[in-house]
Amino acid sequence: MFEARLVQGSLLKKILETIGNISTEANFDCSSAGISLQTMDSSHVCLVSLLLRSESFDPFRCDRNLTLGMKMSSVSKILKCAGNDDTITIRAEEGGDVVSFLFESQNQDKVSDYELKLMNIDQEHLGIPETDYDCVIQIPSGEFQRICRDLSTIGESVEIACTKDGVRFSVAGDVGSGSVTLRQNATIDKEEGSQVTITMNEPCTLSVALKYLNFFTKASSLSGVVTISMNKDVPLAVEYLIGDTGYVRFYLAPKIGDDDDE
Amino acid sequence: MFEARLVQGSLLKKILETIGNISTEANFDCSSAGISLQTMDSSHVCLVSLLLRSESFDPFRCDRNLTLGMKMSSVSKILKCAGNDDTITIRAEEGGDVVSFLFESQNQDKVSDYELKLMNIDQEHLGIPETDYDCVIQIPSGEFQRICRDLSTIGESVEIACTKDGVRFSVAGDVGSGSVTLRQNATIDKEEGSQVTITMNEPCTLSVALKYLNFFTKASSLSGVVTISMNKDVPLAVEYLIGDTGYVRFYLAPKIGDDDDE
Amino acid sequence: MFEARLVQGSLLKKILETIGNISTEANFDCSSAGISLQTMDSSHVCLVSLLLRSESFDPFRCDRNLTLGMKMSSVSKILKCAGNDDTITIRAEEGGDVVSFLFESQNQDKVSDYELKLMNIDQEHLGIPETDYDCVIQIPSGEFQRICRDLSTIGESVEIACTKDGVRFSVAGDVGSGSVTLRQNATIDKEEGSQVTITMNEPCTLSVALKYLNFFTKASSLSGVVTISMNKDVPLAVEYLIGDTGYVRFYLAPKIGDDDDE
Amino acid sequence: YPRRAKKSAVKSEEFISGVISYNSRLDSKTLCSRYLLVRRPKTGLLAGLWEFPAISVSSQFSDSEGESKLSEILDKFLTIDQRKGLQIKHVGKVSHLFSHRHHVYHVYKAVLEDDRIVPAKKSGAANCKWVTKAELLQSAISSSVKKILELSSEGEVMNASKRRGQKRSTKCDMKPLEKFFKTAS
Amino acid sequence: YPRRAKKSAVKSEEFISGVISYNSRLDSKTLCSRYLLVRRPKTGLLAGLWEFPAISVSSQFSDSEGESKLSEILDKFLTIDQRKGLQIKHVGKVSHLFSHRHHVYHVYKAVLEDDRIVPAKKSGAANCKWVTKAELLQSAISSSVKKILELSSEGEVMNASKRRGQKRSTKCDMKPLEKFFKTAS
Amino acid sequence: YPRRAKKSAVKSEEFISGVISYNSRLDSKTLCSRYLLVRRPKTGLLAGLWEFPAISVSSQFSDSEGESKLSEILDKFLTIDQRKGLQIKHVGKVSHLFSHRHHVYHVYKAVLEDDRIVPAKKSGAANCKWVTKAELLQSAISSSVKKILELSSEGEVMNASKRRGQKRSTKCDMKPLEKFFKTAS
């Protein structure tokens, strides 16, 4: 028997919308540690890794490790039926072929119960080693989303160049070229903690495809801050923390060779 | 000569949008009682019945009974040109071939006058008997609209099951199944009078097509409360009151046989 | 060397969107007087004339007269990447083949630099004489935009009839006909200066195509007031002032012959 | 089929017959069709019976004459909006032998694709009604009407089985409201 | 038409002639067309007259050679964006007999479907202008230009009567602004 | 190619072979294709090698029998969603002569147009994998697999050069993540 109750149900709604852009089906792996998921897009150039630790839920019960394979569009449809303030409880039986979602309004006057048919999904997991990155950049998530969206109107690849002074995003396309520079320890939003922070071993430059960054930034509503980690010639890592008890991490293969995206 | 002036012109805008989803042409029947309309959709499974009593208007003048046949999309286009705070006056002459709509802004600085060509529309009216329903449910209109919209993403038919404890809406489809339960005398919105109220002779269950419910719920802006009345195997009745002086009622044929909508 | 810095960068964004609806490419003529532009649509029935005087900018430097030919959709894409509160600086070199746009956020923490390839555009300018118009009408720009949009759902041409009492906009189409009348010195919006004001030598009536008026009114966000100037059988003039230091003027050929738009 | 040896005793009359229908989509699996029937005059041959609208045509009519005659029928019973959505097809012919007459109906099928522009009947188009197939078979009709209906329905079952996704099913799982509410006087 | 008995006295030259136009839609009933005219050199045959852009071609040219020559014309006068929307059709040929010459114009019609990407002229495409039919007929043109225009317009009236809904009308009810404002020096 | 004089010594077996692939669009110029390979049994002919899914067919098979056999292959390896987007084409045949066998592969190409519904493999479809062309050529395959791949790729280069706008390029400028992260045990 698996049962996990999330008081802030809206988190689950946001998480699902993000994953659904990348992959159409994925396995939710349930264990005593919590709920985790890993899936790649069809081209295998990007990967999303989710962890919601058991402490995110109250209560959390997982008698046996369970893998719940779901079609993302179907889960999304069901989660769209939850109110933003609803509590969401996920339940499944070992050997069962459905997963159930229970939505309870705050005063319990409206209770919705949905059942989704499970799928057998055969996806390999990749092992992602702990990495000491050359550059780790923290940016307000909304700002990063805005920059990726703006630059993708100009070109398809972005070159991210990080130095101790700041980070520069550059793009080129048919229309022309452009670059956006954010300074270190700058205050973009008035809110505390919404600064641009750079932790750097050595300067680093990487080019990636904006199409995939625009998928990742749909997770911006999960956290005010996004952490971007770079090493030359390894996949870019983009992380959004979920409260204190979870994260969504994205990995994106770098562009090969020179930075020319034509 | 027919003349009717409605101070809250926005009501007419909302009414027209609702009717236009169901039928493309309809007759407005004007008499000393007020303005009434009855029309069915092309499949004859749903019917809308409108009454705006003469007390809704000031002034109201109807020398002779008059039938004004209009194309809904044309009236909608014209009413969209009215400001939300405008007073709307409808005028027509016996034997004339146009109906005119006068919109006056609150300070009378902007006056708009539109003329619409009338149509000869040959539609039969159905006589709807006074019925003593087994279950009469009052729900906040926004909540009912939300439920119908959510469930229609999962399936095409909804089974409405009403007991003294509450009402349950169930749906099933390719994705899975779901149900939403509202408890009796529950307070969904903080506002007074926004409770779920059930008046029941005996429990009742009915299945109807969500496609049509989603047409009906476009009238939600007319009233904070929607009244749903059910008898086994007779058309579902859905009513929105218009202030104190009118109503819009919808009737929807029930699904035949078992509740399976596949 | 040409350099012009506009503190209220959002003005440029709004201006570009408006022009882009009319013409796909245009020349920005830079001189010590400021930046000016004139272009017609492909049918040559309407013309837009822009002037941003050098006082609009700080600093403003124009060593030699310069013509910057740009594709409107490309400039729009680039300007959409500017924040609404950004300062925008335009720079170009004589004999160069690019124009650069610099966006600086208010606290200078985010700096964006875009380069656009220039085009050689061969368009003739028309000389527009100073005209003493029979009727000059000032209307709140939002109201005029609303009227043009409403009437264009009914018909394609609008007849504008101006007398000392007010101005009447009339339209006719398949659906029916309509007219909107605004009274002189009326107060449509509560804000001061948002009145309808008519300055008249003699009454005047003109018919024009609503399709083009709807292009012009996209400039409504530039100014709270739009000034419409009419003479019988000459192009209608529609003007939006840009602060104290600039304007956008539109000219639209009148319809020939009778006012029948069928 | 059999004919009398003395042909001259039987007069053969030919008609263009229009099977005009529209489909309401009740849900993703169910279409509900309605057909236009007109009532014959109260006296004369097949008095007072309902039939598909028909119009006389000479026996050697050309394609364009057939379409022109069909247009006359459509103009009489359909509004401009209703005519916009029509898909027209010449499906074949149906013969019917009376005691002293022989009728040949050249059947055209005209389907309105957009169901939202019904149910208004054209002003002045009296004595006609839109009915479901079930209601049609319950109306007072002659056997040639049934034959014409069968001829015009021939393609539909095939199409149903071939078409993926949205199926064409004639099984409607909701009764029309006329079964619950009587027509007001 | 008549030819001299001594053919060898008349040299026959063949050309690909491109009638390049775009249509601005003024409203749902009115299209206003503009044609590209180029100016001939100031000296020589038909000096300084306006004509449709043309290019020499050998008399036995193949279809692909014709299209290739047409491409040269298009490349010279149209930008990349303008070329994107072109609908091209080989409409026929026009002959014109001079005193000592015989020209045959193989006429291609190229219509830009998207009118929003005019009026920019291609950089370096001097001595050309976009004109309405009325302005074209008022320009200094030879009679072969009129014949070429008539040939390329043959299909249009027919299409106007056949097409439902949006009509192709050449009657524009607004004069271009050049009638009101003179070109600035 | 050469055959032994004593034909009866070589048994000819025929197969339907399905080259099933999908294209991921990395950007406006780059498509990256992946092909479905299945592993042969661990014993017997070509033991343990990877190949395109194949199924026996009689030598005089009809078109519909070929499509039916292909359907069996598709049903075995693809989910319902994956089958929705398939574009299927019979591209030709490939022969391969072994020492005592002769195989003829009738090659069908099935391309999934919508790349978003991969990479789930159908439950129970063991011993199969989706690979890029590069990975395919690095897998343990027989030479007939290469010939089948070449045959099915013949149209693609041509299409690339003819198609305007979005090009079909096989050059992906990003390595798949498996080059960076090893499969977890």
# chains A, B, ... in the order shown; residues from 1 in each chain; ligands from 1
>>> closest_atom_pairs(of="chain C", to="chain A", cutoff="10 Å", atoms="only C-alpha atoms", output="JSON lines")
{"residue": "C:Lys71", "atom": "CA", "partner": "A:Val175", "partner_atom": "CA", "distance": 8.8}
{"residue": "C:Ser73", "atom": "CA", "partner": "A:Val175", "partner_atom": "CA", "distance": 8.9}
{"residue": "C:Ser74", "atom": "CA", "partner": "A:Val175", "partner_atom": "CA", "distance": 5.6}
{"residue": "C:Val75", "atom": "CA", "partner": "A:Val175", "partner_atom": "CA", "distance": 8.4}
{"residue": "C:Lys77", "atom": "CA", "partner": "A:Thr153", "partner_atom": "CA", "distance": 6.5}
{"residue": "C:Ile78", "atom": "CA", "partner": "A:Ile154", "partner_atom": "CA", "distance": 7.5}
{"residue": "C:Leu79", "atom": "CA", "partner": "A:Asp150", "partner_atom": "CA", "distance": 9.5}
{"residue": "C:Lys80", "atom": "CA", "partner": "A:Asp150", "partner_atom": "CA", "distance": 7.2}
{"residue": "C:Cys81", "atom": "CA", "partner": "A:Asp150", "partner_atom": "CA", "distance": 5.1}
{"residue": "C:Ala82", "atom": "CA", "partner": "A:Asp150", "partner_atom": "CA", "distance": 8.6}
{"residue": "C:Gly83", "atom": "CA", "partner": "A:Arg146", "partner_atom": "CA", "distance": 9.5}
{"residue": "C:Val98", "atom": "CA", "partner": "A:Gly176", "partner_atom": "CA", "distance": 8.6}
{"residue": "C:Val99", "atom": "CA", "partner": "A:Gly176", "partner_atom": "CA", "distance": 9.6}
{"residue": "C:Ser100", "atom": "CA", "partner": "A:Gly178", "partner_atom": "CA", "distance": 9.1}
{"residue": "C:Phe101", "atom": "CA", "partner": "A:Gly178", "partner_atom": "CA", "distance": 8.9}
{"residue": "C:Leu102", "atom": "CA", "partner": "A:Gly178", "partner_atom": "CA", "distance": 9.5}
{"residue": "C:Phe103", "atom": "CA", "partner": "A:Val180", "partner_atom": "CA", "distance": 8.9}
{"residue": "C:Glu104", "atom": "CA", "partner": "A:Val180", "partner_atom": "CA", "distance": 9.8}
{"residue": "C:Ser105", "atom": "CA", "partner": "A:Ile188", "partner_atom": "CA", "distance": 8.4}
{"residue": "C:Gln106", "atom": "CA", "partner": "A:Ile188", "partner_atom": "CA", "distance": 9.0}
{"residue": "C:Asn107", "atom": "CA", "partner": "A:Ile188", "partner_atom": "CA", "distance": 7.6}
{"residue": "C:Gln108", "atom": "CA", "partner": "A:Arg183", "partner_atom": "CA", "distance": 8.6}
{"residue": "C:Asp109", "atom": "CA", "partner": "A:Ala186", "partner_atom": "CA", "distance": 5.5}
{"residue": "C:Lys110", "atom": "CA", "partner": "A:Leu182", "partner_atom": "CA", "distance": 4.8}
{"residue": "C:Val111", "atom": "CA", "partner": "A:Thr181", "partner_atom": "CA", "distance": 5.2}
{"residue": "C:Ser112", "atom": "CA", "partner": "A:Val180", "partner_atom": "CA", "distance": 4.1}
{"residue": "C:Asp113", "atom": "CA", "partner": "A:Ser179", "partner_atom": "CA", "distance": 5.3}
{"residue": "C:Tyr114", "atom": "CA", "partner": "A:Gly178", "partner_atom": "CA", "distance": 3.9}
{"residue": "C:Glu115", "atom": "CA", "partner": "A:Ser177", "partner_atom": "CA", "distance": 5.2}
{"residue": "C:Leu116", "atom": "CA", "partner": "A:Gly176", "partner_atom": "CA", "distance": 4.5}
{"residue": "C:Lys117", "atom": "CA", "partner": "A:Gly176", "partner_atom": "CA", "distance": 5.8}
{"residue": "C:Leu118", "atom": "CA", "partner": "A:Gly176", "partner_atom": "CA", "distance": 9.4}
>>> write_last_selection(atoms="C-alpha atoms", output="compact mmCIF listing (two decimals), in the first residue's frame")
# COMPACT_ATOMS: atom_id res chain seq x y z
CA LYS C 71 12.45 45.23 -41.00
CA SER C 73 9.11 42.44 -37.39
CA SER C 74 12.80 42.14 -36.54
CA VAL C 75 12.89 45.38 -34.54
CA LYS C 77 11.25 41.00 -31.78
CA ILE C 78 14.24 42.80 -30.36
CA LEU C 79 12.22 45.45 -28.55
CA LYS C 80 10.04 42.77 -26.96
CA CYS C 81 13.18 41.71 -25.12
CA ALA C 82 13.29 45.07 -23.33
CA GLY C 83 11.73 45.36 -19.92
CA VAL C 98 23.98 47.23 -38.23
CA VAL C 99 22.03 49.22 -35.67
CA SER C 100 22.40 48.34 -32.01
CA PHE C 101 19.86 48.52 -29.21
CA LEU C 102 21.03 48.69 -25.60
CA PHE C 103 18.52 47.95 -22.83
CA GLU C 104 19.45 48.84 -19.28
CA SER C 105 17.31 47.88 -16.30
CA GLN C 106 16.67 50.60 -13.78
CA ASN C 107 19.38 49.53 -11.39
CA GLN C 108 21.71 48.59 -14.27
CA ASP C 109 21.93 45.01 -13.05
CA LYS C 110 20.63 43.63 -16.29
CA VAL C 111 22.11 44.96 -19.51
CA SER C 112 20.99 43.64 -22.91
CA ASP C 113 22.67 44.47 -26.18
CA TYR C 114 21.13 43.57 -29.53
CA GLU C 115 22.33 44.09 -33.07
CA LEU C 116 20.04 44.21 -36.06
CA LYS C 117 21.17 44.02 -39.67
CA LEU C 118 20.16 47.09 -41.62
>>> select_by_dssp(residues="stretch 4-146 of chain E", states="strand (DSSP E)", output="MDAnalysis selection string")
chainID E and resid 11:27 30:39 50:51 54:57 86:97 101:112 128:132
>>> closest_atom_pairs(of="chain A", to="chain F", cutoff="6 Å", atoms="only C-alpha atoms", output="JSON lines")
{"residue": "A:Thr24", "atom": "CA", "partner": "F:Ile117", "partner_atom": "CA", "distance": 5.7}
{"residue": "A:Ser42", "atom": "CA", "partner": "F:Val118", "partner_atom": "CA", "distance": 5.4}
{"residue": "A:Ser43", "atom": "CA", "partner": "F:Ser24", "partner_atom": "CA", "distance": 5.3}
{"residue": "A:His44", "atom": "CA", "partner": "F:Pro176", "partner_atom": "CA", "distance": 5.1}
{"residue": "A:Val45", "atom": "CA", "partner": "F:Pro176", "partner_atom": "CA", "distance": 4.8}
{"residue": "A:Asn120", "atom": "CA", "partner": "F:Ser123", "partner_atom": "CA", "distance": 5.4}
{"residue": "A:Ile121", "atom": "CA", "partner": "F:Ala120", "partner_atom": "CA", "distance": 5.5}
{"residue": "A:Asp122", "atom": "CA", "partner": "F:Lys121", "partner_atom": "CA", "distance": 5.5}
{"residue": "A:His125", "atom": "CA", "partner": "F:Ala184", "partner_atom": "CA", "distance": 5.5}
{"residue": "A:Leu126", "atom": "CA", "partner": "F:Thr183", "partner_atom": "CA", "distance": 4.3}
{"residue": "A:Gly127", "atom": "CA", "partner": "F:Ala184", "partner_atom": "CA", "distance": 4.6}
{"residue": "A:Ile128", "atom": "CA", "partner": "F:Phe181", "partner_atom": "CA", "distance": 5.9}
{"residue": "A:Lys255", "atom": "CA", "partner": "F:Met174", "partner_atom": "CA", "distance": 4.9}
{"residue": "A:Ile256", "atom": "CA", "partner": "F:Asp173", "partner_atom": "CA", "distance": 5.3}
>>> atom_distance(atom1="atom CA of C:Ser141", atom2="atom CA of C:Cys30")
28.3 Å
>>> residues_around(residues="B:Asp58", least_positions_apart="2", cutoff="12 Å", atoms="only C-alpha atoms", output="PyMOL selection string")
chain B and resi 3-9+34+53-56+60-61+87-90
>>> write_last_selection(atoms="N, CA, C and O atoms", output="short mmCIF file (atom, residue, chain, number, x, y, z; two decimals), in the first residue's frame")
data_model
loop_
_atom_site.label_atom_id
_atom_site.label_comp_id
_atom_site.auth_asym_id
_atom_site.auth_seq_id
_atom_site.Cartn_x
_atom_site.Cartn_y
_atom_site.Cartn_z
N GLU B 3 -41.21 48.76 -26.71
CA GLU B 3 -40.02 49.43 -26.17
C GLU B 3 -39.76 48.91 -24.77
O GLU B 3 -40.66 48.87 -23.92
N ALA B 4 -38.50 48.51 -24.53
CA ALA B 4 -38.12 47.99 -23.20
C ALA B 4 -36.72 48.48 -22.88
O ALA B 4 -35.79 48.29 -23.66
N ARG B 5 -36.60 49.13 -21.72
CA ARG B 5 -35.32 49.72 -21.33
C ARG B 5 -34.78 49.01 -20.10
O ARG B 5 -35.45 48.90 -19.08
N LEU B 6 -33.56 48.50 -20.23
CA LEU B 6 -32.93 47.72 -19.17
C LEU B 6 -31.74 48.53 -18.66
O LEU B 6 -30.78 48.78 -19.38
N VAL B 7 -31.81 48.92 -17.39
CA VAL B 7 -30.72 49.74 -16.85
C VAL B 7 -29.44 48.92 -16.74
O VAL B 7 -28.35 49.39 -17.06
N GLN B 8 -29.58 47.69 -16.32
CA GLN B 8 -28.38 46.84 -16.19
C GLN B 8 -28.17 46.10 -17.51
O GLN B 8 -28.42 44.89 -17.62
N GLY B 9 -27.72 46.84 -18.51
CA GLY B 9 -27.60 46.30 -19.86
C GLY B 9 -26.70 45.08 -19.94
O GLY B 9 -26.90 44.22 -20.80
N GLY B 34 -43.76 40.42 -20.58
CA GLY B 34 -42.32 40.66 -20.64
C GLY B 34 -41.76 40.08 -21.92
O GLY B 34 -42.46 39.95 -22.93
N ARG B 53 -39.34 39.33 -17.00
CA ARG B 53 -40.65 39.94 -16.76
C ARG B 53 -40.60 41.44 -17.05
O ARG B 53 -39.55 42.08 -16.97
N SER B 54 -41.78 41.96 -17.34
CA SER B 54 -41.83 43.38 -17.69
C SER B 54 -41.29 44.26 -16.56
O SER B 54 -40.78 45.35 -16.81
N GLU B 55 -41.34 43.77 -15.32
CA GLU B 55 -40.82 44.56 -14.21
C GLU B 55 -39.29 44.72 -14.28
O GLU B 55 -38.72 45.55 -13.57
N SER B 56 -38.64 43.90 -15.12
CA SER B 56 -37.19 44.04 -15.25
C SER B 56 -36.83 45.35 -15.95
O SER B 56 -35.69 45.82 -15.86
N PHE B 60 -41.42 49.90 -19.85
CA PHE B 60 -41.75 48.74 -20.67
C PHE B 60 -43.07 49.02 -21.36
O PHE B 60 -44.06 49.34 -20.73
N ARG B 61 -43.07 48.90 -22.66
CA ARG B 61 -44.29 49.17 -23.41
C ARG B 61 -44.44 48.12 -24.49
O ARG B 61 -43.52 47.93 -25.30
N THR B 87 -27.02 51.52 -20.35
CA THR B 87 -28.44 51.20 -20.35
C THR B 87 -28.77 50.73 -21.76
O THR B 87 -28.34 51.34 -22.74
N ILE B 88 -29.57 49.67 -21.89
CA ILE B 88 -29.91 49.15 -23.21
C ILE B 88 -31.42 49.25 -23.41
O ILE B 88 -32.20 48.80 -22.56
N THR B 89 -31.85 49.85 -24.52
CA THR B 89 -33.26 49.96 -24.85
C THR B 89 -33.52 49.21 -26.15
O THR B 89 -32.87 49.47 -27.17
N ILE B 90 -34.49 48.29 -26.12
CA ILE B 90 -34.88 47.52 -27.30
C ILE B 90 -36.17 48.12 -27.85
O ILE B 90 -37.12 48.35 -27.09
#
>>> select_by_dssp(residues="stretch 49-125 of chain A", states="alpha helix (DSSP H)", output="PyMOL selection string")
chain A and resi 72-79
>>> write_last_selection(atoms="all heavy atoms", output="CSV table (one decimal), in the first residue's frame")
chain,number,residue,atom,x,y,z
A,72,MET,N,1.8,11.3,-18.9
A,72,MET,CA,1.9,12.7,-18.3
A,72,MET,C,0.6,13.5,-18.7
A,72,MET,O,0.1,14.2,-17.8
A,72,MET,CB,3.1,13.4,-18.8
A,72,MET,CG,4.4,12.9,-18.2
A,72,MET,SD,4.5,13.0,-16.4
A,72,MET,CE,4.3,11.2,-16.0
A,73,SER,N,0.1,13.4,-19.9
A,73,SER,CA,-1.0,14.2,-20.3
A,73,SER,C,-2.2,13.8,-19.4
A,73,SER,O,-3.1,14.6,-19.1
A,73,SER,CB,-1.3,14.0,-21.8
A,73,SER,OG,-1.6,12.7,-22.1
A,74,SER,N,-2.3,12.5,-19.1
A,74,SER,CA,-3.5,12.0,-18.3
A,74,SER,C,-3.4,12.5,-16.9
A,74,SER,O,-4.4,13.0,-16.3
A,74,SER,CB,-3.5,10.5,-18.3
A,74,SER,OG,-3.6,10.0,-19.6
A,75,VAL,N,-2.2,12.5,-16.3
A,75,VAL,CA,-2.0,13.0,-14.9
A,75,VAL,C,-2.3,14.5,-14.9
A,75,VAL,O,-2.9,15.0,-14.0
A,75,VAL,CB,-0.6,12.7,-14.4
A,75,VAL,CG1,-0.6,12.8,-12.8
A,75,VAL,CG2,-0.1,11.4,-14.8
A,76,SER,N,-1.8,15.2,-15.9
A,76,SER,CA,-2.1,16.6,-16.0
A,76,SER,C,-3.5,16.9,-16.0
A,76,SER,O,-4.0,17.8,-15.4
A,76,SER,CB,-1.4,17.2,-17.2
A,76,SER,OG,-0.1,17.6,-17.0
A,77,LYS,N,-4.3,16.2,-16.9
A,77,LYS,CA,-5.7,16.4,-16.9
A,77,LYS,C,-6.4,16.3,-15.6
A,77,LYS,O,-7.2,17.1,-15.2
A,77,LYS,CB,-6.3,15.4,-17.9
A,77,LYS,CG,-6.3,15.8,-19.4
A,77,LYS,CD,-7.1,14.8,-20.2
A,77,LYS,CE,-6.9,15.1,-21.6
A,77,LYS,NZ,-7.6,14.1,-22.5
A,78,ILE,N,-6.0,15.2,-14.9
A,78,ILE,CA,-6.5,15.0,-13.6
A,78,ILE,C,-6.1,16.0,-12.6
A,78,ILE,O,-7.0,16.6,-11.8
A,78,ILE,CB,-6.1,13.6,-13.1
A,78,ILE,CG1,-6.9,12.5,-13.9
A,78,ILE,CG2,-6.4,13.4,-11.6
A,78,ILE,CD1,-6.6,11.1,-13.6
A,79,LEU,N,-4.9,16.4,-12.6
A,79,LEU,CA,-4.4,17.4,-11.6
A,79,LEU,C,-5.0,18.8,-11.9
A,79,LEU,O,-5.1,19.6,-11.0
A,79,LEU,CB,-2.9,17.5,-11.6
A,79,LEU,CG,-2.2,16.3,-10.9
A,79,LEU,CD1,-0.7,16.5,-10.9
A,79,LEU,CD2,-2.7,16.1,-9.5
>>> residues_around(residues="B:Phe216", least_positions_apart="4", cutoff="7 Å", atoms="only C-alpha atoms", output="ChimeraX atom specification")
/B:18,212,250
>>> residues_around(residues="A:Met1", least_positions_apart="4", cutoff="10 Å", atoms="only C-alpha atoms", output="PyMOL selection string")
chain A and resi 61-66+91-96
>>> write_last_selection(atoms="N, CA, C and O atoms", output="PDB file, in the first residue's frame")
ATOM      1  N   ARG A  61       3.277   6.789   3.567  1.00  0.00           N
ATOM      2  CA  ARG A  61       3.356   5.363   3.861  1.00  0.00           C
ATOM      3  C   ARG A  61       3.741   4.626   2.598  1.00  0.00           C
ATOM      4  O   ARG A  61       3.080   4.768   1.566  1.00  0.00           O
ATOM      5  N   CYS A  62       4.805   3.831   2.670  1.00  0.00           N
ATOM      6  CA  CYS A  62       5.225   3.064   1.504  1.00  0.00           C
ATOM      7  C   CYS A  62       5.694   1.700   1.974  1.00  0.00           C
ATOM      8  O   CYS A  62       6.844   1.526   2.346  1.00  0.00           O
ATOM      9  N   ASP A  63       4.772   0.723   1.975  1.00  0.00           N
ATOM     10  CA  ASP A  63       5.100  -0.598   2.507  1.00  0.00           C
ATOM     11  C   ASP A  63       6.180  -1.279   1.677  1.00  0.00           C
ATOM     12  O   ASP A  63       7.066  -1.923   2.213  1.00  0.00           O
ATOM     13  N   ARG A  64       6.080  -1.146   0.385  1.00  0.00           N
ATOM     14  CA  ARG A  64       7.035  -1.800  -0.507  1.00  0.00           C
ATOM     15  C   ARG A  64       7.362  -0.833  -1.632  1.00  0.00           C
ATOM     16  O   ARG A  64       6.524  -0.037  -2.047  1.00  0.00           O
ATOM     17  N   ASN A  65       8.570  -0.924  -2.135  1.00  0.00           N
ATOM     18  CA  ASN A  65       8.908  -0.071  -3.282  1.00  0.00           C
ATOM     19  C   ASN A  65       7.930  -0.319  -4.417  1.00  0.00           C
ATOM     20  O   ASN A  65       7.586  -1.469  -4.722  1.00  0.00           O
ATOM     21  N   LEU A  66       7.523   0.746  -5.023  1.00  0.00           N
ATOM     22  CA  LEU A  66       6.472   0.674  -6.033  1.00  0.00           C
ATOM     23  C   LEU A  66       6.863   1.570  -7.200  1.00  0.00           C
ATOM     24  O   LEU A  66       7.405   2.661  -6.990  1.00  0.00           O
ATOM     25  N   ARG A  91      -2.599   7.494  -3.858  1.00  0.00           N
ATOM     26  CA  ARG A  91      -2.694   6.154  -3.261  1.00  0.00           C
ATOM     27  C   ARG A  91      -2.575   5.096  -4.342  1.00  0.00           C
ATOM     28  O   ARG A  91      -3.072   5.280  -5.473  1.00  0.00           O
ATOM     29  N   ALA A  92      -1.905   3.992  -3.992  1.00  0.00           N
ATOM     30  CA  ALA A  92      -1.802   2.860  -4.921  1.00  0.00           C
ATOM     31  C   ALA A  92      -1.562   1.589  -4.128  1.00  0.00           C
ATOM     32  O   ALA A  92      -0.978   1.628  -3.051  1.00  0.00           O
ATOM     33  N   GLU A  93      -2.026   0.486  -4.709  1.00  0.00           N
ATOM     34  CA  GLU A  93      -1.801  -0.813  -4.079  1.00  0.00           C
ATOM     35  C   GLU A  93      -0.707  -1.551  -4.839  1.00  0.00           C
ATOM     36  O   GLU A  93      -0.620  -1.431  -6.067  1.00  0.00           O
ATOM     37  N   GLU A  94       0.080  -2.320  -4.119  1.00  0.00           N
ATOM     38  CA  GLU A  94       1.061  -3.149  -4.830  1.00  0.00           C
ATOM     39  C   GLU A  94       0.327  -4.118  -5.746  1.00  0.00           C
ATOM     40  O   GLU A  94      -0.662  -4.705  -5.357  1.00  0.00           O
ATOM     41  N   GLY A  95       0.812  -4.280  -6.957  1.00  0.00           N
ATOM     42  CA  GLY A  95       0.159  -5.193  -7.891  1.00  0.00           C
ATOM     43  C   GLY A  95      -1.129  -4.645  -8.489  1.00  0.00           C
ATOM     44  O   GLY A  95      -1.794  -5.317  -9.265  1.00  0.00           O
ATOM     45  N   GLY A  96      -1.509  -3.461  -8.079  1.00  0.00           N
ATOM     46  CA  GLY A  96      -2.724  -2.877  -8.649  1.00  0.00           C
ATOM     47  C   GLY A  96      -2.448  -2.289 -10.026  1.00  0.00           C
ATOM     48  O   GLY A  96      -1.291  -2.196 -10.447  1.00  0.00           O
TER      49      GLY A  96
END
>>> atom_distance(atom1="atom CA of E:Lys146", atom2="atom CA of E:Ile80")
28.6 Å
>>> atom_distance(atom1="atom CA of D:Ile73", atom2="atom CA of D:Glu135")
22.1 Å
>>> residues_around(residues="F:Val111", least_positions_apart="4", cutoff="7 Å", atoms="only C-alpha atoms", output="list in words")
Ile20, Ser21, Tyr22, Leu86, Gln87 and Ile88 of chain F
